[in-house]
Amino acid sequence: MEIKWYLFLSIILFCIGVAGALTRRNSIIVFMCIELMLNSVNLLLVAFSKMHLSIPGTSAYSAIDAQIFVFFIMIVAAAEVSVGLAIIVMMYRNTKSIDINFLNRLKN
Amino acid sequence: MTTTQILFWLLSALAIVGAIGVISCKNPIYGVLWLIIVFFAISGHYVLMNAQFLAIVNIIVYAGAIMVLFTFVVMFINLNEHPEIPKNIYVKAAGIIAGLCLLIVLVAALSRASENNTQLRIDTGVGLIKNLGRTLFNDYVVPFEISSVLFLSAMVGAVIIGKKEKQQTV
């Protein structure tokens, strides 16, 4: 496969995530859209790491580094999800709603 | 068309349909299920690119752990009492137009990229668990250990945030 199809697939997934984060008001769905964007970027990083190997004269180590990087992105995403969902639960407990527009109460 | 290409298009269609399902579902629980489909499609892409370690990690971490957490929170929150109030139609249209503009700009910018050396090489053993594990525990031991500290702090933070606050006497 050529890299450009993976590029376009990742762009489409990322843009769907952006559109969802902008159009929905349910904070859980907004959060899921953020996960979608993270995953599209991960997919593109892996595709680029495989493309990098096709350049003559490159060592395999640089491609391995890219996949380790994807692994660390997943680690950070897992930590982020646990804290973010705790914040959503706390928000629900205080406002009895998970509408993100209620977050503008924070400014008072 | 080779088998790889057919699989690529099938998995891409599955991922895009799932992503559209995530942002258009009424009930968040269906959104979680659509997102699981997207994650499995992306794992299929990893297998197709011979990145087996990441495929397994993606299934375990995302489709397993994170999605269970999401499902748990969706079940915990009673959404039938407070259904989502839809956004203003103009705000919605603006969001969709913004997403489409981003799509058009990125595709237009990247469709003229150089065509040299853009074939994916999947016949190397780079994505195998053996090679990745060797690099992870030789060159990346310190970030790996620091990530365990990150997890600990995330766990403590989640517990502290999620703890019931004491009733304040007024």
# chains A, B, ... in the order shown; residues from 1 in each chain; ligands from 1
>>> closest_atom_pairs(of="chain A", to="chain B", cutoff="6 Å", atoms="only C-alpha atoms", output="Markdown table")
| residue | atom | partner | partner_atom | distance |
| --- | --- | --- | --- | --- |
| A:Met1 | CA | B:Leu120 | CA | 5.9 |
| A:Glu2 | CA | B:Gln119 | CA | 4.5 |
| A:Ile3 | CA | B:Thr118 | CA | 5.5 |
| A:Cys15 | CA | B:Gly99 | CA | 5.2 |
| A:Val18 | CA | B:Gly99 | CA | 5.8 |
| A:Ala19 | CA | B:Gly99 | CA | 4.7 |
| A:Gly20 | CA | B:Ile23 | CA | 5.0 |
| A:Leu22 | CA | B:Gly95 | CA | 5.0 |
| A:Thr23 | CA | B:Lys92 | CA | 4.8 |
| A:Lys50 | CA | B:Leu120 | CA | 5.4 |
| A:Met51 | CA | B:Leu120 | CA | 4.4 |
| A:Ser54 | CA | B:Arg121 | CA | 5.5 |
| A:Ile55 | CA | B:Asn117 | CA | 5.8 |
| A:Ile64 | CA | B:Val126 | CA | 5.9 |
| A:Ala79 | CA | B:Ala154 | CA | 5.6 |
| A:Val83 | CA | B:Ala158 | CA | 4.9 |
| A:Ala86 | CA | B:Gly162 | CA | 5.3 |
| A:Met90 | CA | B:Gly162 | CA | 5.9 |
>>> write_last_selection(atoms="C-alpha atoms", output="PDB file, in the first residue's frame")
ATOM      1  CA  MET A   1       0.000   0.000   0.000  1.00  0.00           C
ATOM      2  CA  GLU A   2       1.052   3.572  -0.516  1.00  0.00           C
ATOM      3  CA  ILE A   3       1.305   5.971   2.371  1.00  0.00           C
ATOM      4  CA  CYS A  15     -11.776  15.502  10.962  1.00  0.00           C
ATOM      5  CA  VAL A  18     -13.020  17.422  15.292  1.00  0.00           C
ATOM      6  CA  ALA A  19     -16.539  17.808  13.914  1.00  0.00           C
ATOM      7  CA  GLY A  20     -17.953  15.618  16.672  1.00  0.00           C
ATOM      8  CA  LEU A  22     -17.493  20.776  18.018  1.00  0.00           C
ATOM      9  CA  THR A  23     -21.086  19.684  17.468  1.00  0.00           C
ATOM     10  CA  LYS A  50       6.620   1.503   7.998  1.00  0.00           C
ATOM     11  CA  MET A  51       7.146   3.964   5.165  1.00  0.00           C
ATOM     12  CA  SER A  54      11.381   1.751   2.437  1.00  0.00           C
ATOM     13  CA  ILE A  55      13.959   4.524   2.138  1.00  0.00           C
ATOM     14  CA  ILE A  64      11.170   0.941  16.137  1.00  0.00           C
ATOM     15  CA  ALA A  79      -3.936   7.920  32.213  1.00  0.00           C
ATOM     16  CA  VAL A  83      -8.667  11.334  35.233  1.00  0.00           C
ATOM     17  CA  ALA A  86     -13.366  11.047  37.166  1.00  0.00           C
ATOM     18  CA  MET A  90     -17.640  14.739  39.679  1.00  0.00           C
TER      19      MET A  90
END
>>> select_by_dssp(residues="segment 6-161 of chain B", states="alpha helix (DSSP H)", output="ChimeraX atom specification")
/B:6-24,28-48,52-57,67-76,89-110,129-138,141-161
>>> atom_distance(atom1="atom CA of Phe8 of chain A", atom2="atom CA of Leu36 of chain A")
15.0 Å
>>> residues_around(residues="Arg105 of chain A", least_positions_apart="4", cutoff="12 Å", atoms="only C-alpha atoms", output="PDB file with C-alpha atoms, in the first residue's frame")
ATOM      1  CA  MET A  91     -19.284  17.204  37.310  1.00  0.00           C
ATOM      2  CA  ASN A  94     -22.334  18.563  41.326  1.00  0.00           C
ATOM      3  CA  THR A  95     -24.587  19.697  38.482  1.00  0.00           C
ATOM      4  CA  ASP A  99     -23.710  18.972  29.426  1.00  0.00           C
ATOM      5  CA  ILE A 100     -20.452  20.759  28.625  1.00  0.00           C
ATOM      6  CA  ASN A 101     -22.223  24.111  28.569  1.00  0.00           C
TER       7      ASN A 101
END
>>> atom_distance(atom1="atom CA of Ile75 of chain A", atom2="atom CA of Cys33 of chain A")
17.7 Å
